[in-house]
$ cat target_14.txt   # compact mmCIF, C-alpha atoms
# COMPACT_ATOMS: atom_id res chain seq x y z
CA SER Y 23 7.60 -19.30 34.04
CA ALA Y 24 5.52 -16.49 35.54
CA VAL Y 25 4.19 -13.18 34.28
CA ILE Y 26 3.86 -10.26 36.66
CA SER Y 27 1.38 -7.46 36.10
CA GLN Y 28 2.18 -4.33 38.05
CA LYS Y 29 0.08 -1.19 38.20
CA PRO Y 30 0.05 1.70 37.96
CA SER Y 31 2.93 1.92 35.50
CA ARG Y 32 3.42 5.55 36.44
CA ASP Y 33 1.81 8.19 38.58
CA ILE Y 34 2.31 11.77 39.65
CA CYS Y 35 1.28 12.44 43.24
CA GLN Y 36 1.12 15.38 45.56
CA ARG Y 37 3.25 15.65 48.67
CA GLY Y 38 1.56 14.14 51.72
CA THR Y 39 -0.66 11.72 49.83
CA SER Y 40 -0.19 7.96 49.46
CA LEU Y 41 0.13 5.63 46.48
CA THR Y 42 -0.71 1.93 46.42
CA ILE Y 43 0.99 -0.28 43.84
CA GLN Y 44 -0.47 -3.64 42.94
CA CYS Y 45 1.43 -6.73 41.83
CA GLN Y 46 -0.37 -9.73 40.34
CA VAL Y 47 1.45 -12.93 39.37
CA ASP Y 48 -0.18 -15.37 36.97
CA SER Y 49 0.94 -18.40 39.00
CA GLN Y 50 1.60 -19.20 42.64
CA VAL Y 51 5.06 -18.17 43.80
CA THR Y 52 6.92 -18.76 47.02
CA MET Y 53 8.67 -15.43 47.31
CA MET Y 54 7.55 -11.90 46.45
CA PHE Y 55 9.74 -8.85 46.89
CA TRP Y 56 9.42 -5.10 46.59
CA TYR Y 57 12.35 -3.01 45.36
CA ARG Y 58 13.01 0.68 44.97
CA GLN Y 59 15.27 2.08 42.30
CA GLN Y 60 16.20 5.71 42.70
CA PRO Y 61 17.38 7.62 39.63
CA GLY Y 62 20.72 6.34 38.39
CA GLN Y 63 20.96 3.75 41.16
CA SER Y 64 20.74 -0.01 41.41
CA LEU Y 65 17.85 -1.88 43.00
CA THR Y 66 17.34 -1.64 46.75
CA LEU Y 67 15.22 -4.23 48.50
CA ILE Y 68 12.43 -2.66 50.54
CA ALA Y 69 10.88 -5.83 51.95
CA THR Y 70 9.96 -9.43 51.39
CA ALA Y 71 6.18 -9.84 51.21
CA ASN Y 72 5.11 -12.84 53.30
CA GLN Y 73 1.85 -14.56 52.56
CA GLY Y 74 -0.57 -14.18 55.45
CA SER Y 75 1.84 -12.41 57.78
CA GLU Y 76 3.74 -9.16 58.18
CA ALA Y 77 6.36 -8.34 55.60
CA THR Y 78 10.06 -8.57 56.44
CA TYR Y 79 11.55 -5.10 56.05
CA GLU Y 80 15.13 -4.22 55.25
CA SER Y 81 17.16 -1.78 57.26
CA GLY Y 82 16.00 1.76 56.59
CA PHE Y 83 12.47 0.81 55.60
CA VAL Y 84 9.55 0.75 58.05
CA ILE Y 85 6.03 -0.56 57.92
CA ASP Y 86 4.43 2.81 58.64
CA LYS Y 87 5.98 4.32 55.53
CA PHE Y 88 5.78 1.23 53.28
CA PRO Y 89 2.87 -0.97 54.35
CA ILE Y 90 2.74 -4.20 52.37
CA SER Y 91 0.02 -6.78 52.01
CA ARG Y 92 0.16 -10.28 50.59
CA PRO Y 93 -3.18 -11.99 51.06
CA ASN Y 94 -2.34 -15.00 48.87
CA LEU Y 95 0.43 -16.58 46.80
CA THR Y 96 -0.25 -14.52 43.67
CA PHE Y 97 -0.95 -10.96 44.83
CA SER Y 98 0.75 -8.22 46.81
CA THR Y 99 0.44 -4.48 47.30
CA LEU Y 100 2.95 -1.85 48.37
CA THR Y 101 1.75 1.49 49.68
CA VAL Y 102 4.11 4.44 49.85
CA SER Y 103 2.68 6.73 52.52
CA ASN Y 104 3.01 10.41 53.32
CA LEU Y 105 4.78 11.06 50.04
CA SER Y 106 7.67 13.48 49.70
CA PRO Y 107 9.75 14.34 46.62
CA GLU Y 108 12.46 11.98 47.93
CA ASP Y 109 10.08 9.09 47.29
CA SER Y 110 10.23 9.74 43.54
CA SER Y 111 11.59 6.43 42.23
CA ILE Y 112 10.76 3.34 40.27
CA TYR Y 113 9.15 0.68 42.46
CA LEU Y 114 9.47 -2.90 41.24
CA CYS Y 115 7.70 -6.08 42.26
CA SER Y 116 9.64 -9.33 41.90
CA ALA Y 117 8.86 -12.99 42.42
CA ARG Y 118 10.75 -16.24 42.67
CA GLN Y 119 9.58 -19.81 42.96
CA GLY Y 120 12.18 -21.01 45.46
CA ALA Y 121 13.14 -19.57 48.82
CA ARG Y 122 16.83 -19.19 47.89
CA SER Y 123 17.04 -20.16 44.25
CA GLY Y 124 15.02 -20.24 41.08
CA GLU Y 125 14.29 -18.02 38.14
CA LEU Y 126 13.49 -14.38 38.85
CA PHE Y 127 10.47 -12.54 37.53
CA PHE Y 128 9.90 -8.80 37.60
CA GLY Y 129 7.01 -6.49 36.99
CA GLU Y 130 7.28 -3.60 34.58
CA GLY Y 131 7.84 -1.17 37.42
CA SER Y 132 5.85 1.78 38.73
CA ARG Y 133 7.45 5.15 38.11
CA LEU Y 134 6.41 7.55 40.86
CA THR Y 135 6.92 11.30 40.72
CA VAL Y 136 6.06 13.33 43.82
CA LEU Y 137 5.51 17.05 43.38
CA LYS R 2 27.56 -10.17 52.09
CA ASN R 3 28.44 -10.99 48.52
CA GLU R 4 30.22 -8.14 46.78
CA VAL R 5 29.42 -7.75 43.09
CA GLU R 6 31.44 -5.75 40.59
CA GLN R 7 30.26 -5.15 37.07
CA SER R 8 32.20 -3.68 34.19
CA PRO R 9 32.10 -1.58 32.20
CA GLN R 10 29.65 0.92 33.69
CA ASN R 11 28.87 2.39 30.29
CA LEU R 12 29.38 0.91 26.87
CA THR R 13 28.70 2.42 23.45
CA ALA R 14 28.90 0.24 20.37
CA GLN R 15 28.11 0.35 16.70
CA GLU R 16 25.44 -1.91 15.33
CA GLY R 17 26.86 -5.33 14.55
CA GLU R 18 29.64 -5.24 17.13
CA PHE R 19 30.30 -8.04 19.61
CA ILE R 20 29.59 -6.93 23.19
CA THR R 21 30.98 -8.30 26.45
CA ILE R 22 29.83 -7.31 29.93
CA ASN R 23 31.62 -8.72 32.97
CA CYS R 24 30.51 -9.55 36.50
CA SER R 25 32.70 -10.65 39.42
CA TYR R 26 31.52 -11.67 42.85
CA SER R 27 33.27 -12.39 46.13
CA VAL R 28 31.53 -15.42 47.63
CA GLY R 29 30.68 -18.76 46.04
CA ILE R 30 27.12 -18.99 44.82
CA SER R 31 24.54 -21.48 43.65
CA ALA R 32 23.46 -19.45 40.62
CA LEU R 33 23.92 -16.05 39.01
CA HIS R 34 21.29 -13.99 37.22
CA TRP R 35 21.63 -11.68 34.25
CA LEU R 36 18.86 -9.11 33.93
CA GLN R 37 17.96 -6.54 31.29
CA GLN R 38 16.28 -3.29 32.28
CA HIS R 39 14.45 -1.40 29.57
CA PRO R 40 14.45 2.41 29.43
CA GLY R 41 10.89 2.38 30.83
CA GLY R 42 12.07 0.60 33.96
CA GLY R 43 10.78 -2.93 33.41
CA ILE R 44 13.22 -5.78 34.07
CA VAL R 45 13.48 -9.03 32.15
CA SER R 46 15.39 -12.05 33.39
CA LEU R 47 17.81 -13.13 30.66
CA PHE R 48 19.68 -16.00 32.24
CA MET R 49 20.04 -17.93 35.44
CA LEU R 50 23.17 -20.04 35.39
CA SER R 51 25.15 -22.08 37.82
CA SER R 52 27.85 -23.50 35.55
CA GLY R 53 29.19 -23.44 32.01
CA LYS R 54 27.39 -21.55 29.31
CA LYS R 55 23.87 -20.74 28.16
CA LYS R 56 22.73 -19.30 24.85
CA HIS R 57 19.50 -17.63 23.86
CA GLY R 58 19.38 -16.13 20.41
CA ARG R 59 22.22 -13.60 20.14
CA LEU R 60 22.86 -13.64 23.88
CA ILE R 61 25.42 -15.90 25.50
CA ALA R 62 26.17 -16.10 29.22
CA THR R 63 29.14 -17.89 30.73
CA ILE R 64 30.18 -18.48 34.30
CA ASN R 65 33.43 -19.67 35.88
CA ILE R 66 32.61 -20.83 39.38
CA GLN R 67 36.26 -21.19 40.42
CA GLU R 68 37.12 -17.67 39.26
CA LYS R 69 33.82 -16.23 40.59
CA HIS R 70 33.27 -14.50 37.29
CA SER R 71 30.54 -14.36 34.68
CA SER R 72 30.27 -12.70 31.29
CA LEU R 73 27.33 -11.72 29.13
CA HIS R 74 28.00 -11.56 25.41
CA ILE R 75 25.82 -10.07 22.69
CA THR R 76 26.65 -11.06 19.14
CA ALA R 77 25.71 -8.86 16.17
CA SER R 78 24.46 -6.10 18.47
CA HIS R 79 21.43 -4.08 17.45
CA PRO R 80 20.03 -0.73 18.62
CA ARG R 81 17.16 -2.57 20.32
CA ASP R 82 19.76 -4.16 22.63
CA SER R 83 20.26 -0.72 24.19
CA ALA R 84 19.38 -1.18 27.85
CA VAL R 85 20.92 -1.56 31.30
CA TYR R 86 22.30 -5.04 31.97
CA ILE R 87 22.50 -6.13 35.60
CA CYS R 88 24.02 -9.19 37.23
CA ALA R 89 22.65 -10.44 40.53
CA VAL R 90 23.88 -13.07 42.98
CA PRO R 91 22.35 -14.53 46.13
CA GLU R 92 23.65 -13.33 49.46
CA THR R 93 25.42 -15.86 51.62
CA SER R 94 22.34 -16.42 53.77
CA GLY R 95 18.66 -15.72 53.44
CA SER R 96 16.74 -15.03 50.27
CA ARG R 97 18.16 -11.64 49.29
CA LEU R 98 20.07 -10.83 46.14
CA THR R 99 23.00 -8.52 45.66
CA PHE R 100 22.85 -6.55 42.43
CA GLY R 101 25.67 -5.15 40.37
CA GLU R 102 25.57 -1.46 39.55
CA GLY R 103 24.52 -2.23 36.00
CA THR R 104 26.04 -1.61 32.58
CA GLN R 105 24.36 0.98 30.40
CA LEU R 106 24.67 -0.28 26.83
CA THR R 107 23.96 1.99 23.89
CA VAL R 108 24.09 0.52 20.39
CA ASN R 109 24.14 3.09 17.62
CA PRO R 110 22.84 2.34 14.11

$ encode --input "target_14.txt" --output "structure tokens"
Amino acid sequence: SAVISQKPSRDICQRGTSLTIQCQVDSQVTMMFWYRQQPGQSLTLIATANQGSEATYESGFVIDKFPISRPNLTFSTLTVSNLSPEDSSIYLCSARQGARSGELFFGEGSRLTVL
Amino acid sequence: KNEVEQSPQNLTAQEGEFITINCSYSVGISALHWLQQHPGGGIVSLFMLSSGKKKHGRLIATINIQEKHSSLHITASHPRDSAVYICAVPETSGSRLTFGEGTQLTVNP
């Protein structure tokens, strides 16, 4: 079992600024993921955070807009850059022990509102 | 890509009722996940199952691998069960998951 602490839980930001979200897992995990959930929608995978190397981004998401760090097996950050109102969403960190299988763990989510 | 269909999209029940949420997928899988998303946005993993049935308190999850179908049941539903329930299955390759659209459950006292 793993517990994920994600912060901030919510924030209100001005257009053009950036927000960095932190994700801390209480045990070492193989896989860490970042998701976006727009209002009324299901989860969309932004990227897989790779320990010690560049994240693997999904189609439609780029490193310049969503830089991700994962310096070790328990911690990752997601930055949402050059914010616009369209970035208003819930951002969720997730972890899994195995590469393709294993129990899923999620953070509490970070609710971002961009004015 | 594994296609996932969840039903119903919305469900309103009276306290004490028996609830069933369904999930069908298109490609054989190793395991299926049932998740619960609270109104604040946080997600809790309820079950991971690859065959048969699992029970945790008032929650029961079943899966039929041959039929590519899973159900989540809630017995003696309670207003605190009000949440979005999501099923998720692995994609055919890689480490990604495909998520169902979710079922918004509201249990009225």

$ atom_distance --input "target_14.txt" --atom1 "CA of Leu12 in chain R" --atom2 "CA of Thr63 in chain R"
19.2 Å

$ closest_residue --input "target_14.txt" --among "Y:Thr135, Y:Ser40, Y:Gln119, Y:Ser111" --to "Ser64 in chain Y" --atoms "only C-alpha atoms"
Y:Ser111

$ interface_residues --input "target_14.txt" --of "chain Y" --to "chain R" --cutoff "12 Å" --atoms "all atoms listed in the file" --output "NGL selection string"
:Y and (23-29 or 31-32 or 52-71 or 78-80 or 111-134)

$ residues_around --input "target_14.txt" --residues "Thr76 in chain R" --least-positions-apart "4" --cutoff "7 Å" --atoms "all atoms listed in the file" --output "list in words"
Glu18, Phe19, Ile20, Arg59 and Leu60 of chain R

$ atom_distance --input "target_14.txt" --atom1 "CA of Gln10 in chain R" --atom2 "CA of Ser81 in chain Y"
26.8 Å

$ atom_distance --input "target_14.txt" --atom1 "CA of Asn72 in chain Y" --atom2 "CA of Thr99 in chain Y"
11.3 Å

$ residues_around --input "target_14.txt" --residues "Gln15 in chain R" --least-positions-apart "5" --cutoff "8 Å" --atoms "all atoms listed in the file" --output "list of chain:residue names"
R:Ser78, R:Val108, R:Asn109, R:Pro110

$ closest_residue --input "target_14.txt" --among "R:Pro80, R:Pro40, R:Gly29, R:Gly58" --to "Gly17 in chain R" --atoms "only C-alpha atoms"
R:Pro80

$ residues_near_point --input "target_14.txt" --point "(1.2, 16.4, 54.7)" --cutoff "9 Å" --atoms "only C-alpha atoms" --output "ChimeraX atom specification"
/Y:37-39,104-106

$ write_last_selection --input "target_14.txt" --atoms "C-alpha atoms" --output "CSV table (one decimal), in the coordinates of the input"
chain,number,residue,atom,x,y,z
Y,37,ARG,CA,3.2,15.6,48.7
Y,38,GLY,CA,1.6,14.1,51.7
Y,39,THR,CA,-0.7,11.7,49.8
Y,104,ASN,CA,3.0,10.4,53.3
Y,105,LEU,CA,4.8,11.1,50.0
Y,106,SER,CA,7.7,13.5,49.7

$ closest_residue --input "target_14.txt" --among "R:Thr21, R:Ser83, R:Ser27, R:Thr104" --to "Gln67 in chain R" --atoms "all atoms listed in the file"
R:Ser27

$ closest_residue --input "target_14.txt" --among "R:Ile61, R:Leu73, R:Ile66, R:Val28" --to "Cys88 in chain R" --atoms "only C-alpha atoms"
R:Leu73

$ decode --input "target_14.txt" --residues "chain R" --atoms "C-alpha atoms" --output "compact mmCIF listing (two decimals), in the first residue's frame"
# COMPACT_ATOMS: atom_id res chain seq x y z
CA LYS R 2 -6.81 0.57 -27.57
CA ASN R 3 -9.18 -0.91 -25.06
CA GLU R 4 -12.65 0.61 -25.26
CA VAL R 5 -14.46 0.96 -21.94
CA GLU R 6 -18.17 1.54 -21.50
CA GLN R 7 -19.71 2.28 -18.15
CA SER R 8 -23.36 2.40 -17.25
CA PRO R 9 -25.38 4.10 -16.04
CA GLN R 10 -23.88 7.58 -16.37
CA ASN R 11 -25.99 8.90 -13.52
CA LEU R 12 -27.74 7.03 -10.76
CA THR R 13 -29.94 8.34 -7.97
CA ALA R 14 -30.97 6.02 -5.16
CA GLN R 15 -32.66 6.13 -1.81
CA GLU R 16 -30.69 5.24 1.26
CA GLY R 17 -30.66 1.49 1.80
CA GLU R 18 -31.08 0.54 -1.85
CA PHE R 19 -28.87 -2.00 -3.62
CA ILE R 20 -26.73 -0.34 -6.31
CA THR R 21 -25.16 -1.87 -9.41
CA ILE R 22 -22.73 -0.12 -11.76
CA ASN R 23 -21.55 -1.90 -14.90
CA CYS R 24 -18.35 -1.78 -16.92
CA SER R 25 -17.64 -3.47 -20.26
CA TYR R 26 -14.36 -3.48 -22.12
CA SER R 27 -13.31 -4.61 -25.58
CA VAL R 28 -9.94 -6.33 -25.17
CA GLY R 29 -8.89 -9.03 -22.73
CA ILE R 30 -7.07 -7.70 -19.69
CA SER R 31 -4.95 -8.82 -16.78
CA ALA R 32 -6.87 -6.83 -14.17
CA LEU R 33 -9.59 -4.20 -13.86
CA HIS R 34 -9.72 -1.34 -11.37
CA TRP R 35 -12.71 0.25 -9.67
CA LEU R 36 -12.10 3.76 -8.38
CA GLN R 37 -14.14 6.18 -6.31
CA GLN R 38 -13.79 9.92 -6.82
CA HIS R 39 -14.95 12.17 -4.02
CA PRO R 40 -16.65 15.52 -4.69
CA GLY R 41 -13.37 17.27 -3.79
CA GLY R 42 -11.56 15.46 -6.60
CA GLY R 43 -9.50 12.90 -4.70
CA ILE R 44 -9.57 9.32 -6.00
CA VAL R 45 -9.51 6.14 -3.95
CA SER R 46 -8.80 2.72 -5.38
CA LEU R 47 -11.61 0.38 -4.34
CA PHE R 48 -10.73 -2.86 -6.07
CA MET R 49 -8.25 -4.41 -8.42
CA LEU R 50 -9.53 -7.72 -9.71
CA SER R 51 -8.57 -10.20 -12.35
CA SER R 52 -11.16 -12.93 -11.76
CA GLY R 53 -14.20 -13.84 -9.70
CA LYS R 54 -15.38 -11.61 -6.92
CA LYS R 55 -14.01 -9.37 -4.19
CA LYS R 56 -15.80 -7.90 -1.19
CA HIS R 57 -14.88 -5.03 1.07
CA GLY R 58 -17.49 -3.99 3.58
CA ARG R 59 -20.67 -3.10 1.68
CA LEU R 60 -18.87 -3.06 -1.67
CA ILE R 61 -18.69 -6.09 -3.94
CA ALA R 62 -16.92 -6.24 -7.30
CA THR R 63 -17.29 -9.05 -9.81
CA ILE R 64 -15.63 -9.70 -13.12
CA ASN R 65 -16.41 -12.10 -15.97
CA ILE R 66 -13.28 -12.40 -18.06
CA GLN R 67 -15.01 -14.31 -20.88
CA GLU R 68 -17.77 -11.72 -21.16
CA LYS R 69 -15.34 -8.79 -20.67
CA HIS R 70 -17.66 -7.33 -18.08
CA SER R 71 -17.40 -6.20 -14.48
CA SER R 72 -19.93 -4.94 -11.97
CA LEU R 73 -19.62 -2.93 -8.79
CA HIS R 74 -22.36 -3.47 -6.22
CA ILE R 75 -23.11 -1.41 -3.14
CA THR R 76 -25.37 -3.01 -0.56
CA ALA R 77 -27.43 -0.93 1.88
CA SER R 78 -26.38 2.30 0.18
CA HIS R 79 -25.77 5.39 2.29
CA PRO R 80 -25.55 9.11 1.44
CA ARG R 81 -21.79 8.97 2.09
CA ASP R 82 -21.52 6.59 -0.89
CA SER R 83 -22.40 9.55 -3.14
CA ALA R 84 -19.42 9.91 -5.47
CA VAL R 85 -18.27 9.20 -9.01
CA TYR R 86 -17.34 5.56 -9.61
CA ILE R 87 -14.86 4.86 -12.39
CA CYS R 88 -13.63 1.63 -13.91
CA ALA R 89 -10.20 1.48 -15.52
CA VAL R 90 -8.48 -1.17 -17.62
CA PRO R 91 -4.94 -1.43 -18.97
CA GLU R 92 -4.36 -0.66 -22.61
CA THR R 93 -3.21 -3.50 -24.82
CA SER R 94 0.41 -2.35 -24.67
CA GLY R 95 2.43 -0.07 -22.48
CA SER R 96 1.57 1.12 -19.01
CA ARG R 97 -1.42 3.36 -19.73
CA LEU R 98 -4.94 2.88 -18.46
CA THR R 99 -8.22 3.51 -20.22
CA PHE R 100 -10.86 5.00 -17.96
CA GLY R 101 -14.60 4.72 -18.20
CA GLU R 102 -16.60 7.94 -18.25
CA GLY R 103 -17.66 7.40 -14.66
CA THR R 104 -20.99 6.91 -12.92
CA GLN R 105 -22.24 9.76 -10.77
CA LEU R 106 -24.03 8.16 -7.82
CA THR R 107 -26.26 10.20 -5.55
CA VAL R 108 -27.80 8.50 -2.53
CA ASN R 109 -30.57 10.47 -0.87
CA PRO R 110 -31.44 10.07 2.82
